[in-house]
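Structure data (CSV, C-alpha atoms) from run23.csv:
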```csv
chain,number,residue,atom,x,y,z
N,1,MET,CA,57.0,115.1,144.9
N,2,ILE,CA,60.4,115.3,143.2
N,3,ARG,CA,63.2,113.2,144.7
N,4,GLN,CA,66.5,114.5,146.1
N,5,GLY,CA,69.4,113.4,143.9
N,6,LYS,CA,73.0,112.5,144.4
N,7,PRO,CA,75.8,115.1,144.2
N,8,GLY,CA,76.3,116.3,140.7
N,9,TYR,CA,79.1,118.4,139.1
N,10,LEU,CA,79.6,120.8,136.1
N,11,ALA,CA,83.2,121.2,135.1
N,12,LEU,CA,84.5,123.7,132.6
N,13,GLU,CA,87.6,123.8,130.4
N,14,ASP,CA,88.9,126.9,132.2
N,15,GLY,CA,89.2,124.8,135.4
N,16,THR,CA,86.0,125.9,137.2
N,17,VAL,CA,83.9,123.2,138.9
N,18,PHE,CA,80.4,123.8,140.1
N,19,GLU,CA,78.8,121.4,142.6
N,20,GLY,CA,75.1,120.7,142.8
N,21,VAL,CA,72.5,117.9,143.0
N,22,SER,CA,71.6,115.5,140.3
N,23,ILE,CA,68.0,115.8,139.0
N,24,GLY,CA,68.3,113.4,136.0
N,25,TYR,CA,70.2,110.4,134.7
N,26,GLU,CA,73.0,109.2,136.9
N,27,GLY,CA,75.8,109.3,134.3
N,28,GLU,CA,78.2,111.7,132.6
N,29,SER,CA,78.1,113.7,129.4
N,30,ASP,CA,80.3,116.3,127.8
N,31,GLY,CA,79.5,119.2,125.4
N,32,GLU,CA,79.6,122.9,124.9
N,33,VAL,CA,78.1,124.8,127.8
N,34,VAL,CA,75.7,127.5,126.7
N,35,PHE,CA,72.8,129.4,128.2
N,36,ASN,CA,69.1,130.1,127.3
N,37,THR,CA,67.2,133.1,128.5
N,38,SER,CA,63.7,131.7,128.0
N,39,LEU,CA,61.3,131.9,130.9
N,40,THR,CA,59.2,129.0,129.7
N,41,GLY,CA,59.5,126.1,127.2
N,42,TYR,CA,62.1,124.0,128.8
N,43,GLN,CA,60.6,120.8,127.3
N,44,GLU,CA,60.8,122.3,123.8
N,45,ILE,CA,64.4,123.1,124.5
N,46,LEU,CA,65.2,119.6,125.7
N,47,THR,CA,63.8,118.0,122.6
N,48,ASP,CA,65.1,120.5,120.1
N,49,PRO,CA,67.7,118.6,118.0
N,50,SER,CA,69.6,121.8,117.4
N,51,TYR,CA,71.0,121.4,121.0
N,52,ARG,CA,72.9,118.2,120.1
N,53,GLY,CA,76.3,118.4,121.6
N,54,GLN,CA,75.4,121.2,124.0
N,55,ILE,CA,74.9,121.5,127.8
N,56,VAL,CA,72.2,124.1,128.3
N,57,THR,CA,72.0,126.4,131.3
N,58,MET,CA,68.6,128.0,132.0
N,59,THR,CA,69.0,131.6,133.3
N,60,TYR,CA,65.4,131.6,134.7
N,61,PRO,CA,66.0,130.5,138.4
N,62,MET,CA,63.2,127.9,138.8
N,63,ILE,CA,62.6,125.2,136.2
N,64,GLY,CA,60.2,122.2,136.3
N,65,ASN,CA,57.2,123.8,138.0
N,66,VAL,CA,54.8,122.8,135.2
N,67,GLY,CA,56.1,119.3,134.8
N,68,VAL,CA,56.2,117.6,131.3
N,69,ASN,CA,53.6,116.3,128.9
N,70,GLU,CA,53.5,114.3,125.7
N,71,GLU,CA,52.5,117.3,123.4
N,72,ASP,CA,55.1,120.0,123.9
N,73,ILE,CA,57.9,118.1,122.2
N,74,GLU,CA,59.9,119.1,119.2
N,75,SER,CA,61.4,115.6,118.3
N,76,ALA,CA,61.0,112.0,119.3
N,77,LYS,CA,63.3,112.4,122.4
N,78,PRO,CA,65.6,114.8,124.1
N,79,ARG,CA,68.8,115.5,122.1
N,80,ILE,CA,70.5,117.8,124.6
N,81,ALA,CA,73.9,116.8,126.0
N,82,GLY,CA,73.2,118.0,129.5
N,83,PHE,CA,70.9,120.4,131.5
N,84,VAL,CA,71.9,122.8,134.3
N,85,VAL,CA,69.4,124.9,136.4
N,86,ARG,CA,69.5,127.0,139.6
N,87,GLU,CA,66.6,125.3,141.2
N,88,CYS,CA,64.3,122.4,140.1
N,89,SER,CA,60.8,122.8,141.5
N,90,ARG,CA,60.0,120.0,144.0
N,91,LEU,CA,56.4,120.2,143.0
N,92,TYR,CA,54.9,120.4,139.5
N,93,SER,CA,51.3,121.6,138.7
N,94,ASN,CA,49.6,122.0,135.4
N,95,PHE,CA,46.4,120.5,133.9
N,96,ARG,CA,48.4,119.2,131.0
N,97,ALA,CA,51.3,117.7,133.0
N,98,SER,CA,51.8,113.9,132.8
N,99,GLY,CA,55.0,113.7,134.9
N,100,SER,CA,57.9,115.5,136.5
N,101,LEU,CA,60.9,117.0,134.8
N,102,PRO,CA,63.5,114.8,136.8
N,103,ASP,CA,61.6,111.6,135.9
N,104,TYR,CA,61.6,112.7,132.3
N,105,LEU,CA,65.3,113.5,132.3
N,106,ALA,CA,66.1,110.1,133.9
N,107,LYS,CA,63.9,108.2,131.5
N,108,HIS,CA,65.7,109.7,128.5
N,109,GLU,CA,69.2,109.4,130.1
N,110,ILE,CA,69.9,113.1,130.2
N,111,VAL,CA,72.4,114.1,132.9
N,112,ALA,CA,71.2,117.2,134.7
N,113,VAL,CA,72.3,119.2,137.7
N,114,SER,CA,70.4,121.6,140.0
N,115,GLY,CA,71.7,123.9,142.7
N,116,ILE,CA,74.3,125.6,140.4
N,117,ASP,CA,75.0,129.3,140.7
N,118,THR,CA,73.7,129.9,137.2
N,119,ARG,CA,74.2,133.7,137.4
N,120,ALA,CA,77.9,133.2,138.0
N,121,LEU,CA,78.1,130.6,135.2
N,122,VAL,CA,76.3,132.8,132.7
N,123,ARG,CA,78.6,135.8,133.6
N,124,LYS,CA,81.6,133.6,132.9
N,125,ILE,CA,80.2,132.4,129.5
N,126,ARG,CA,79.4,136.0,128.5
N,127,SER,CA,82.9,137.0,129.4
N,128,LEU,CA,84.9,134.1,128.0
N,129,GLY,CA,82.5,132.7,125.5
N,130,ALA,CA,80.8,129.3,125.3
N,131,LEU,CA,83.1,126.8,127.0
N,132,LYS,CA,83.6,123.1,126.7
N,133,GLY,CA,82.3,121.2,129.8
N,134,ILE,CA,81.1,118.1,131.4
N,135,VAL,CA,78.2,117.2,133.7
N,136,SER,CA,78.7,114.2,135.9
N,137,VAL,CA,77.1,112.3,138.7
N,138,THR,CA,79.6,109.4,138.6
N,139,ASP,CA,82.9,111.3,139.0
N,140,CYS,CA,83.6,113.6,141.9
N,141,ASP,CA,87.3,114.2,141.2
N,142,HIS,CA,87.6,117.9,140.1
N,143,GLU,CA,90.9,117.4,138.3
N,144,SER,CA,89.5,114.4,136.4
N,145,LEU,CA,86.4,116.3,135.4
N,146,VAL,CA,88.3,119.4,134.2
N,147,HIS,CA,90.6,117.1,132.1
N,148,LYS,CA,87.5,115.5,130.5
N,149,ALA,CA,86.0,118.9,129.8
N,150,ARG,CA,89.2,120.0,128.0
N,151,SER,CA,89.2,116.8,126.0
N,152,SER,CA,85.6,117.4,124.7
N,153,ALA,CA,85.4,117.6,120.9
N,154,GLY,CA,83.5,120.9,120.9
N,155,LEU,CA,81.3,122.0,118.0
N,156,VAL,CA,83.5,123.5,115.3
N,157,GLY,CA,84.2,121.3,112.3
N,158,ARG,CA,81.9,118.5,113.4
N,159,ASP,CA,78.9,117.2,111.4
N,160,LEU,CA,76.4,116.9,114.2
N,161,VAL,CA,73.5,116.8,111.7
N,162,ARG,CA,74.2,113.1,110.9
N,163,GLU,CA,73.6,112.3,114.6
N,164,VAL,CA,70.0,113.7,114.6
N,165,LEU,CA,68.6,113.5,111.0
N,166,PRO,CA,65.9,110.9,110.2
N,167,SER,CA,66.9,107.6,108.6
N,168,GLU,CA,64.1,107.6,106.1
N,169,SER,CA,61.5,109.9,104.5
N,170,ARG,CA,58.0,110.3,105.9
N,171,THR,CA,54.8,112.2,105.3
N,172,TRP,CA,53.5,114.7,107.9
N,173,ASN,CA,49.9,115.3,108.7
N,174,GLU,CA,49.8,116.7,112.2
N,175,ALA,CA,48.7,120.3,112.5
N,176,LEU,CA,49.3,122.8,115.4
N,177,HIS,CA,48.0,122.1,118.9
N,178,GLY,CA,44.4,123.0,119.7
N,179,LEU,CA,45.7,125.7,122.0
N,180,SER,CA,47.1,127.5,118.9
N,181,SER,CA,45.4,130.6,117.6
N,182,TYR,CA,45.9,129.6,114.0
N,183,ASP,CA,42.8,128.2,112.2
N,184,PRO,CA,43.6,125.3,109.9
N,185,ARG,CA,43.3,126.0,106.2
N,186,THR,CA,41.5,123.5,104.1
N,187,ALA,CA,41.7,123.0,100.3
N,188,PRO,CA,40.9,120.2,97.8
N,189,LYS,CA,43.8,117.8,97.6
N,190,SER,CA,44.4,118.8,94.0
N,191,GLN,CA,45.0,122.4,95.2
N,192,GLN,CA,47.2,121.5,98.2
N,193,PRO,CA,50.8,122.6,97.6
N,194,HIS,CA,53.4,120.0,98.2
N,195,VAL,CA,56.3,121.0,100.5
N,196,VAL,CA,59.5,118.9,100.8
N,197,CYS,CA,61.3,119.6,104.1
N,198,LEU,CA,65.0,118.8,104.3
N,199,ASP,CA,65.4,117.6,107.9
N,200,PHE,CA,68.8,118.5,109.4
N,201,GLY,CA,67.3,118.1,113.0
N,202,MET,CA,64.0,119.8,112.4
N,203,LYS,CA,61.7,121.0,115.2
N,204,TRP,CA,58.3,119.4,114.7
N,205,ASN,CA,56.4,122.7,115.1
N,206,ILE,CA,57.7,123.6,111.6
N,207,PRO,CA,55.9,120.9,109.7
N,208,ARG,CA,52.9,121.6,112.0
N,209,HIS,CA,52.8,125.1,110.7
N,210,LEU,CA,53.1,124.0,107.1
N,211,SER,CA,50.4,121.3,107.5
N,212,GLN,CA,48.2,123.8,109.3
N,213,ARG,CA,48.2,126.0,106.2
N,214,GLY,CA,46.8,123.2,104.1
N,215,ASN,CA,50.0,121.8,102.5
N,216,ARG,CA,51.0,118.2,101.8
N,217,VAL,CA,54.3,117.8,103.7
N,218,THR,CA,57.0,115.3,102.9
N,219,ILE,CA,60.1,115.1,105.2
N,220,LEU,CA,63.4,113.9,103.7
N,221,PRO,CA,66.7,113.4,105.5
N,222,GLY,CA,69.0,116.3,105.1
N,223,THR,CA,71.4,114.1,103.1
N,224,ALA,CA,68.9,113.8,100.3
N,225,THR,CA,70.2,114.9,96.9
N,226,ALA,CA,68.7,117.5,94.6
N,227,GLU,CA,67.5,114.8,92.3
N,228,GLU,CA,65.8,112.9,95.1
N,229,ILE,CA,64.1,116.0,96.2
N,230,LEU,CA,62.9,117.1,92.8
N,231,ALA,CA,61.6,113.5,92.1
N,232,HIS,CA,58.9,114.2,94.7
N,233,LYS,CA,57.7,117.1,92.5
N,234,PRO,CA,57.5,119.7,95.3
N,235,ASP,CA,56.0,123.1,95.0
N,236,GLY,CA,58.5,124.4,97.4
N,237,VAL,CA,61.5,123.2,99.5
N,238,PHE,CA,62.0,124.0,103.2
N,239,LEU,CA,65.5,123.9,104.9
N,240,SER,CA,65.2,123.1,108.6
N,241,ASN,CA,67.1,124.0,111.7
N,242,GLY,CA,69.8,121.7,113.1
N,243,PRO,CA,72.8,121.5,115.3
N,244,GLY,CA,76.4,122.6,115.1
N,245,ASP,CA,78.7,124.1,112.5
N,246,PRO,CA,77.2,124.5,109.1
N,247,GLU,CA,80.4,124.6,107.0
N,248,PRO,CA,81.2,120.8,107.2
N,249,LEU,CA,77.8,120.1,105.6
N,250,THR,CA,79.1,120.2,102.0
N,251,TYR,CA,76.5,117.7,100.9
N,252,ALA,CA,73.7,120.0,101.9
N,253,ILE,CA,75.3,123.1,100.5
N,254,ASN,CA,75.8,121.5,97.1
N,255,THR,CA,72.2,120.2,97.1
N,256,ILE,CA,70.8,123.6,97.9
N,257,ARG,CA,72.9,125.2,95.2
N,258,LYS,CA,71.3,122.9,92.7
N,259,LEU,CA,67.8,123.7,93.9
N,260,PHE,CA,68.2,127.5,93.4
N,261,GLY,CA,65.9,128.7,90.7
N,262,LYS,CA,64.0,125.4,90.4
N,263,LYS,CA,61.6,125.8,93.4
N,264,PRO,CA,60.8,128.4,96.1
N,265,VAL,CA,63.2,127.8,99.0
N,266,PHE,CA,62.7,128.9,102.6
N,267,GLY,CA,65.3,128.2,105.4
N,268,ILE,CA,65.3,128.6,109.2
N,269,CYS,CA,68.3,128.8,111.5
N,270,LEU,CA,70.8,126.2,110.2
N,271,GLY,CA,68.8,126.3,107.0
N,272,HIS,CA,69.5,130.0,106.8
N,273,GLN,CA,73.2,129.4,107.2
N,274,LEU,CA,73.2,126.7,104.6
N,275,LEU,CA,71.3,128.8,102.1
N,276,SER,CA,73.8,131.6,102.6
N,277,LEU,CA,76.7,129.2,102.2
N,278,ALA,CA,75.2,127.8,99.0
N,279,ALA,CA,74.9,131.4,97.6
N,280,GLY,CA,78.6,132.0,98.3
N,281,ALA,CA,78.7,133.5,101.8
N,282,LYS,CA,80.7,132.3,104.8
N,283,THR,CA,79.8,131.6,108.5
N,284,PHE,CA,81.5,132.2,111.8
N,285,LYS,CA,81.1,131.1,115.4
N,286,LEU,CA,79.5,133.6,117.8
N,287,LYS,CA,81.1,134.2,121.1
N,288,PHE,CA,78.2,132.7,123.1
N,289,GLY,CA,75.4,132.5,120.6
N,290,HIS,CA,71.8,133.6,120.7
N,291,ARG,CA,69.5,131.3,122.7
N,292,GLY,CA,66.2,132.6,124.1
N,293,ALA,CA,62.6,133.5,123.4
N,294,ASN,CA,62.9,137.3,123.6
N,295,GLN,CA,65.5,138.3,121.0
N,296,PRO,CA,64.7,141.6,119.1
N,297,VAL,CA,65.1,141.5,115.3
N,298,LEU,CA,64.7,144.4,112.9
N,299,ASN,CA,62.9,143.8,109.7
N,300,CYS,CA,65.0,146.0,107.3
N,301,ILE,CA,62.3,146.0,104.7
N,302,THR,CA,59.4,147.3,106.8
N,303,GLY,CA,61.3,148.9,109.7
N,304,GLN,CA,59.3,146.9,112.2
N,305,VAL,CA,60.8,145.1,115.2
N,306,GLU,CA,60.0,141.5,116.0
N,307,ILE,CA,60.4,139.6,119.3
N,308,THR,CA,61.8,136.3,118.3
N,309,SER,CA,62.9,132.9,119.6
N,310,GLN,CA,66.4,132.0,118.7
N,311,ASN,CA,68.9,129.1,119.2
N,312,HIS,CA,72.2,129.2,117.3
N,313,GLY,CA,75.9,129.5,117.9
N,314,PHE,CA,77.0,130.4,114.4
N,315,ALA,CA,76.0,133.3,112.1
N,316,VAL,CA,76.5,134.4,108.5
N,317,HIS,CA,79.6,136.6,108.0
N,318,GLU,CA,78.4,140.0,106.6
N,319,GLU,CA,81.7,140.9,104.8
N,320,SER,CA,81.4,137.6,102.8
N,321,LEU,CA,77.9,138.1,101.7
N,322,PRO,CA,77.7,137.8,97.9
N,323,ASP,CA,76.0,140.4,95.7
N,324,CYS,CA,73.1,138.1,94.9
N,325,LEU,CA,71.9,138.2,98.6
N,326,GLU,CA,70.4,141.2,100.4
N,327,ILE,CA,70.0,141.5,104.2
N,328,THR,CA,66.4,141.5,105.2
N,329,HIS,CA,66.7,141.2,109.0
N,330,ARG,CA,69.2,142.1,111.7
N,331,ASN,CA,69.6,141.0,115.3
N,332,LEU,CA,69.3,144.2,117.4
N,333,ASN,CA,71.5,142.9,120.2
N,334,ASP,CA,74.6,142.6,118.1
N,335,ASN,CA,73.6,143.7,114.6
N,336,THR,CA,74.4,140.3,113.1
N,337,ILE,CA,72.5,139.1,110.0
N,338,ALA,CA,69.2,137.6,111.0
N,339,GLY,CA,67.7,137.2,107.5
N,340,VAL,CA,68.5,137.3,103.8
N,341,ARG,CA,66.8,136.9,100.4
N,342,HIS,CA,68.1,136.2,96.9
N,343,LYS,CA,67.8,139.2,94.7
N,344,GLU,CA,66.9,137.3,91.6
N,345,LEU,CA,65.6,133.8,92.7
N,346,ASN,CA,62.7,132.8,95.0
N,347,ALA,CA,64.8,131.9,98.0
N,348,PHE,CA,64.9,133.5,101.5
N,349,SER,CA,65.8,132.6,105.1
N,350,VAL,CA,65.9,133.8,108.6
N,351,GLN,CA,68.3,133.0,111.5
N,352,TYR,CA,65.6,132.8,114.1
N,353,HIS,CA,62.5,130.6,114.7
N,354,PRO,CA,59.2,131.9,113.5
N,355,GLU,CA,57.5,128.6,114.3
N,356,ALA,CA,58.2,129.1,118.0
N,357,SER,CA,55.7,131.4,119.8
N,358,ALA,CA,56.7,131.8,123.5
N,359,GLY,CA,54.4,134.7,123.5
N,360,PRO,CA,54.4,137.1,120.4
N,361,HIS,CA,53.5,135.7,117.0
N,362,ASP,CA,55.5,138.5,115.4
N,363,SER,CA,57.2,136.3,112.8
N,364,SER,CA,54.4,134.1,111.6
N,365,TYR,CA,54.2,136.2,108.4
N,366,LEU,CA,57.3,134.4,107.1
N,367,PHE,CA,55.2,131.2,106.7
N,368,ASP,CA,52.6,133.3,105.0
N,369,GLN,CA,55.2,134.7,102.7
N,370,PHE,CA,56.4,131.1,101.8
N,371,GLN,CA,52.8,130.0,101.5
N,372,ASN,CA,52.1,132.7,98.8
N,373,SER,CA,55.0,131.2,96.7
N,374,LEU,CA,53.6,127.7,97.2
N,375,ASP,CA,50.1,128.8,96.2
N,376,GLN,CA,51.4,130.4,93.0
N,377,GLN,CA,53.0,127.1,92.0
N,378,VAL,CA,49.6,125.3,92.0
N,379,ALA,CA,47.5,128.1,90.8
N,380,PRO,CA,46.0,127.7,87.3
N,381,GLN,CA,48.3,129.2,84.6
```

I need this file expressed as structure tokens, please.
Amino acid sequence: MIRQGKPGYLALEDGTVFEGVSIGYEGESDGEVVFNTSLTGYQEILTDPSYRGQIVTMTYPMIGNVGVNEEDIESAKPRIAGFVVRECSRLYSNFRASGSLPDYLAKHEIVAVSGIDTRALVRKIRSLGALKGIVSVTDCDHESLVHKARSSAGLVGRDLVREVLPSESRTWNEALHGLSSYDPRTAPKSQQPHVVCLDFGMKWNIPRHLSQRGNRVTILPGTATAEEILAHKPDGVFLSNGPGDPEPLTYAINTIRKLFGKKPVFGICLGHQLLSLAAGAKTFKLKFGHRGANQPVLNCITGQVEITSQNHGFAVHEESLPDCLEITHRNLNDNTIAGVRHKELNAFSVQYHPEASAGPHDSSYLFDQFQNSLDQQVAPQ
């Protein structure tokens, strides 16, 4: 049974204050208020480092009914700034569950509020754009809360990656969960391609996919230099997802630029934006972003439509796209760029998350495409 909490509040920079009930840590946290349209996967959302600095509102009306477990996590701990739901289930039931969502939130000191009119909140965000806000269980003064929301730093111009990247390198050996439909690929160690992943706040399902395909995987902090990366003698380099504004990450942009033409490069989400910036493009902040497990994307090469998982608040500016990049994918909701590839070098990226499979596995071919490049690096000449 889930306990009833204290009064909780969500205040926005436009002066709006929503009152609800605390279902997590009894504290206070500020961030940019956004929404996610996924029906499932709240634990993956909570632990996705890309949500650093964001207060996430779930549009699905009931959250928490399957509890939490120790397997459906995308990083060592939740990175989210705050969590807002319409209703948190008082009971949880699932054969894999090891505890309740409120206990999990409290354990990891995540401020969360239930009982909010999320429909009204999402309509406001869609109209005005993502808003700075604050969730609090410790302050009930509306004027004070609104002032704190307006004083929040926001996302633009901040390097949030440094708050979530690993402190040191590591090897990765964990494959996908046994419930996955992907059969592991085995190969003699001498024939296993070596992938170096640049971790800017990487979801763990990415190295799971790479490991599942029989690769040796080394994870380096996103601050690693090109020289440090190439010293590992990789057969390919992966650029991970991560939080916030890509343009302040000049260290990563310069590194990627030096990697072009030396090894195959594949980027996802923030990695897509950084690859594009390294090639000469620019990025911009979306009005309210793309966050959900049901975003339609057109593959411009094949003409097929993919149902994708997405989580980003910035995008590549099409008018700034250099001649060396061509658009491979488009978001069908707003026609923004969802994928690019270099016309001359082995480098490509997508704005969405092919490692996430909330249902369809439409985008798994992208890992196969990268795998083909890796296999060619170790194939006998």

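Distances from N:Arg330, N:His177, N:Arg216, N:Arg257 to Gly280 of chain N were compared using only C-alpha atoms, and the smallest one belongs to N:Arg257.
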
Open item on the list: Can you pull out the residues contacting Arg341 of chain N? Cut-off 10 Å, using only C-alpha atoms, and skip same-chain residues under 2 positions away; I want them as a count of residues only.
Closed with: 20

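Distances from N:Leu374, N:Met202, N:Ile307, N:Ala226 to Ile73 of chain N were compared using only C-alpha atoms, and the smallest one belongs to N:Met202.
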
Could you build a table of the residues in segment 260-347 of chain N lying no more than 9 Å from segment 27-46 of chain N, giving for each the nearest pair of atoms and their separation in Å rounded to one decimal place, using all atoms listed in the file, ordered by chain and ascending residue number, as a Markdown table?
```
| residue | atom | partner | partner_atom | distance |
| --- | --- | --- | --- | --- |
| N:Phe288 | CA | N:Val34 | CA | 6.8 |
| N:Gly289 | CA | N:Val34 | CA | 7.9 |
| N:His290 | CA | N:Asn36 | CA | 7.9 |
| N:Arg291 | CA | N:Asn36 | CA | 4.8 |
| N:Gly292 | CA | N:Thr37 | CA | 4.5 |
| N:Ala293 | CA | N:Ser38 | CA | 5.1 |
| N:Asn294 | CA | N:Ser38 | CA | 7.2 |
| N:Ser309 | CA | N:Ser38 | CA | 8.5 |
| N:Asn311 | CA | N:Asn36 | CA | 8.2 |
```

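Shortest atom-to-atom contact with His312 of chain N among N:Ala338, N:Ile256, N:Leu298, N:Val17: N:Ala338, counting all atoms listed in the file.
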
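If you measure from each of N:Asp141, N:Pro184, N:Ala175, N:Asn331 to Cys300 of chain N using all atoms listed in the file, the closest one turns out to be N:Asn331.
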
Can you write segment 234-254 of chain N from the block above with C-alpha atoms, as a PDB file, in the first residue's frame?
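Saved the output as selection.pdb:
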```pdb
ATOM      1  CA  PRO N 234      38.574   1.508 -31.504  1.00  0.00           C
ATOM      2  CA  ASP N 235      36.929   0.121 -34.608  1.00  0.00           C
ATOM      3  CA  GLY N 236      34.173   2.671 -34.183  1.00  0.00           C
ATOM      4  CA  VAL N 237      33.107   5.547 -31.925  1.00  0.00           C
ATOM      5  CA  PHE N 238      29.645   6.031 -30.476  1.00  0.00           C
ATOM      6  CA  LEU N 239      28.338   9.449 -29.337  1.00  0.00           C
ATOM      7  CA  SER N 240      25.735   9.121 -26.602  1.00  0.00           C
ATOM      8  CA  ASN N 241      22.654  11.007 -25.545  1.00  0.00           C
ATOM      9  CA  GLY N 242      22.837  13.514 -22.724  1.00  0.00           C
ATOM     10  CA  PRO N 243      21.113  16.505 -21.137  1.00  0.00           C
ATOM     11  CA  GLY N 244      20.643  20.111 -22.090  1.00  0.00           C
ATOM     12  CA  ASP N 245      22.023  22.550 -24.616  1.00  0.00           C
ATOM     13  CA  PRO N 246      24.639  21.073 -26.993  1.00  0.00           C
ATOM     14  CA  GLU N 247      26.288  24.340 -28.088  1.00  0.00           C
ATOM     15  CA  PRO N 248      28.251  24.984 -24.826  1.00  0.00           C
ATOM     16  CA  LEU N 249      29.977  21.588 -25.225  1.00  0.00           C
ATOM     17  CA  THR N 250      32.864  22.957 -27.290  1.00  0.00           C
ATOM     18  CA  TYR N 251      35.248  20.292 -25.941  1.00  0.00           C
ATOM     19  CA  ALA N 252      33.049  17.521 -27.372  1.00  0.00           C
ATOM     20  CA  ILE N 253      32.470  19.328 -30.670  1.00  0.00           C
ATOM     21  CA  ASN N 254      36.218  19.786 -31.205  1.00  0.00           C
TER      22      ASN N 254
END
```
